[in-house]
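What follows is a single structure, written as structure tokens, with notes after it.
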Amino acid sequence: MPRPGAAPSAPSTERWSVEAIEALFDLPFADLMHRAQSVHREHHDPREVELATLLSVKTGGCPEDCGYCPQSVHFDTGVQAGKLMAVDAVREAAQRAKAAGATRFCMGAAWRAPKDRDVQAVAELVRAVKAEGLEACATLGMLDEGHAEQLRDAGLDYYNHNLDSDPDFYGDIISTRDYQDRLDTLQRVRGAGVKVCCGGIVGLGESRRQRAGLIAQLANLSPDYPESVPINHLVKVAGTPLADQPDLDPLEFVRTIAVARITMPRARVRLSAGRQQMGEAVQALCFLAGANSIFYGDKLLTTGNPDVAADQALLDKLGLRARQQ
């Protein structure tokens, strides 16, 4: 584990091929877990878990056709489009999150790409969150030139923009946005000096090689892999094209966490969507595999999540503690 107060590590220069990552996936389970845990202990306190809360500040009405998303206007899922939340309401939500132990507050808005006035409004939300002493993260869709700088100047710590999948599988899930569009937004975020939160979704129907391809994309991002890597398990929502997708083997999800930890050792690897369906034993294996961040609270944008009391009980059972800022 790095010494307290030590200088940040230099950006990674290691390039991971899809074949090398696929070979990690193919390791015997015990060997993979041992390697991941060894890497995890070298770079992190193995008992520490970051607690992050996610709030949908603008729900529904998104023009994108992401096949997993209940907020798309293309699918009838019962999600109603709403307006951007007011500053006072977001401030109160941030206060509740902090009181419950969260250190990072993430705001999601269902836009394809925010307009200038939207970015200005979200900047006010960021200022309110920062005033409560929390790290601020936002996910607003694609950013145009200058938007990342505006958010940075308001105090934004992280910008989330997931790659979702391997490039070869991407077109099977989304048709309204190119893979390069996502990479361009990440480049703008990096250029503004904002930390990157970027991960993907597994269980979409992709092959193991395509899961390896997603991890390769993340691990090889330039000039460095993301500081925060959310790994989402598909939450199947009635009305979306993926509502009847067969379940992914839970141990395959654990393997994905382990491979993410090995290939991106300094990142915070976050258990994100889908935890409610995993059960405690699978979550425990994910922590053993190197996950050290969770979304914390009873809701993720529009889908369920384990409640605060359940999470605190699980962390206590496992001898884990919440990260302090």
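Simple scheme: letters A, B, ... for chains in structure tokens order, numbers from 1 for residues in each chain, numbers from 1 for ligands in the order shown.
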Inset, instruction - Output as a ChimeraX atom specification all residues of stretch 227-276 of chain A that backbone DSSP marks as alpha helix (DSSP H). - result: /A:250-263
Inset, instruction - Would you list the contacts of A:Ala212 as a list in words, taking every protein, DNA or RNA residue within 7 Å and counting only C-alpha atoms, but skipping same-chain residues closer than 5 positions in sequence? - result: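 Skipping anything fewer than 5 positions along the chain leaves Val18, Ile21 and Glu22 of chain A.
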I need the residues from that last selection saved to file as a PDB file, in the first residue's frame (with all heavy atoms), if you can.
```pdb
ATOM      1  N   VAL A  18      -6.020  -7.453 -25.507  1.00  0.00           N
ATOM      2  CA  VAL A  18      -7.241  -8.201 -25.214  1.00  0.00           C
ATOM      3  C   VAL A  18      -6.887  -9.646 -24.882  1.00  0.00           C
ATOM      4  O   VAL A  18      -7.472 -10.250 -23.970  1.00  0.00           O
ATOM      5  CB  VAL A  18      -8.218  -8.133 -26.399  1.00  0.00           C
ATOM      6  CG1 VAL A  18      -9.437  -9.019 -26.155  1.00  0.00           C
ATOM      7  CG2 VAL A  18      -8.664  -6.691 -26.636  1.00  0.00           C
ATOM      8  N   ILE A  21      -5.656  -9.953 -21.307  1.00  0.00           N
ATOM      9  CA  ILE A  21      -6.751  -9.806 -20.344  1.00  0.00           C
ATOM     10  C   ILE A  21      -7.649 -11.043 -20.376  1.00  0.00           C
ATOM     11  O   ILE A  21      -8.112 -11.518 -19.330  1.00  0.00           O
ATOM     12  CB  ILE A  21      -7.543  -8.522 -20.640  1.00  0.00           C
ATOM     13  CG1 ILE A  21      -6.658  -7.301 -20.367  1.00  0.00           C
ATOM     14  CG2 ILE A  21      -8.811  -8.454 -19.799  1.00  0.00           C
ATOM     15  CD1 ILE A  21      -7.261  -5.983 -20.745  1.00  0.00           C
ATOM     16  N   GLU A  22      -7.864 -11.584 -21.561  1.00  0.00           N
ATOM     17  CA  GLU A  22      -8.653 -12.813 -21.659  1.00  0.00           C
ATOM     18  C   GLU A  22      -7.956 -13.953 -20.908  1.00  0.00           C
ATOM     19  O   GLU A  22      -8.616 -14.795 -20.281  1.00  0.00           O
ATOM     20  CB  GLU A  22      -8.860 -13.175 -23.120  1.00  0.00           C
ATOM     21  CG  GLU A  22      -9.943 -14.207 -23.352  1.00  0.00           C
ATOM     22  CD  GLU A  22     -10.255 -14.411 -24.823  1.00  0.00           C
ATOM     23  OE1 GLU A  22      -9.400 -14.080 -25.679  1.00  0.00           O
ATOM     24  OE2 GLU A  22     -11.352 -14.904 -25.117  1.00  0.00           O
TER      25      GLU A  22
END
```
Inset, instruction - Show which residues sit within 9 Å of A:Gly193, as number ranges by chain. Count only C-alpha atoms, and ignore same-chain residues fewer than 2 positions away. - result: A: 148-149, 152, 188-191, 195
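When only C-alpha atoms are used to measure the gap to A:Leu234, the shortest distance among A:Arg266, A:Arg275, A:Lys83, A:Arg323 belongs to A:Arg275.
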Could you list, with a cut-off of 12 Å and counting only C-alpha atoms, the residues of stretch 123-157 of chain A near stretch 34-53 of chain A, each shown with its nearest atom pair and the distance in Å rounded to one decimal, rows sorted by chain and ascending number, as JSON lines?
```
{"residue": "A:Val129", "atom": "CA", "partner": "A:Thr53", "partner_atom": "CA", "distance": 11.7}
{"residue": "A:Leu134", "atom": "CA", "partner": "A:Ala52", "partner_atom": "CA", "distance": 9.7}
{"residue": "A:Glu135", "atom": "CA", "partner": "A:Ala52", "partner_atom": "CA", "distance": 9.0}
{"residue": "A:Ala136", "atom": "CA", "partner": "A:Ala52", "partner_atom": "CA", "distance": 9.7}
{"residue": "A:Cys137", "atom": "CA", "partner": "A:Ala52", "partner_atom": "CA", "distance": 9.5}
{"residue": "A:Ala138", "atom": "CA", "partner": "A:Thr53", "partner_atom": "CA", "distance": 11.3}
```
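For the atom pair formed by atom CA of A:Leu143 and atom CA of A:Gly205, the distance is 28.5 Å, given to one decimal.
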Legend entry - Exercise: A:Leu183 partners within 12 Å, only C-alpha atoms, chain neighbours under 5 positions left out, as an MDAnalysis selection string: chainID A and resid 141:143 160:164 167 177:178 188:190 196 198 217:218 220:222
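Atom pair atom CA of A:Leu318 / atom CA of A:Ala291 has a distance of 13.1 Å (rounded to one decimal).
The strand (DSSP E) portion of stretch 106-136 of chain A consists of A:Cys106, A:Met107, A:Gly108, A:Ala109, A:Glu135, A:Ala136, with states taken from DSSP on the backbone.
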Print the selection's residues with N, CA and C atoms to a file, as a PDB file, in the first residue's frame.
```
ATOM      1  N   CYS A 106     -22.757  11.821  -6.365  1.00  0.00           N
ATOM      2  CA  CYS A 106     -22.793  11.764  -7.821  1.00  0.00           C
ATOM      3  C   CYS A 106     -24.169  12.183  -8.328  1.00  0.00           C
ATOM      4  N   MET A 107     -24.185  13.033  -9.336  1.00  0.00           N
ATOM      5  CA  MET A 107     -25.436  13.538  -9.900  1.00  0.00           C
ATOM      6  C   MET A 107     -25.564  13.092 -11.342  1.00  0.00           C
ATOM      7  N   GLY A 108     -26.701  12.471 -11.670  1.00  0.00           N
ATOM      8  CA  GLY A 108     -26.934  12.003 -13.025  1.00  0.00           C
ATOM      9  C   GLY A 108     -28.091  12.739 -13.669  1.00  0.00           C
ATOM     10  N   ALA A 109     -27.916  13.118 -14.933  1.00  0.00           N
ATOM     11  CA  ALA A 109     -28.975  13.780 -15.679  1.00  0.00           C
ATOM     12  C   ALA A 109     -29.144  13.083 -17.028  1.00  0.00           C
ATOM     13  N   GLU A 135     -17.083  15.135  -2.059  1.00  0.00           N
ATOM     14  CA  GLU A 135     -16.591  15.098  -3.434  1.00  0.00           C
ATOM     15  C   GLU A 135     -17.796  15.138  -4.364  1.00  0.00           C
ATOM     16  N   ALA A 136     -17.641  15.832  -5.488  1.00  0.00           N
ATOM     17  CA  ALA A 136     -18.749  15.977  -6.431  1.00  0.00           C
ATOM     18  C   ALA A 136     -18.420  15.277  -7.745  1.00  0.00           C
TER      19      ALA A 136
END
```
Inset, instruction - Figure out the distance between atom CA of A:Arg127 and atom CA of A:Asp153, please, to one decimal in Å. - result: 9.4 Å
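Of the listed residues (A:Ala113, A:Ala238, A:Val79, A:Leu54), A:Ala113 comes nearest to A:Asp144; the distances count only C-alpha atoms.
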Cut-off 12 Å: closest stretch 184-278 of chain A/stretch 26-31 of chain A atom pairs per residue, using only C-alpha atoms, as a tab-separated table:
```
residue	atom	partner	partner_atom	distance
A:Arg208	CA	A:Asp26	CA	9.2
A:Arg209	CA	A:Asp26	CA	10.2
A:Ala212	CA	A:Asp26	CA	10.5
A:Leu251	CA	A:Phe29	CA	8.6
A:Glu252	CA	A:Phe29	CA	9.7
A:Phe253	CA	A:Phe29	CA	11.8
A:Val254	CA	A:Phe29	CA	9.4
A:Arg255	CA	A:Phe29	CA	7.6
A:Thr256	CA	A:Asp26	CA	11.0
A:Ala258	CA	A:Phe29	CA	9.8
A:Val259	CA	A:Leu27	CA	10.2
```
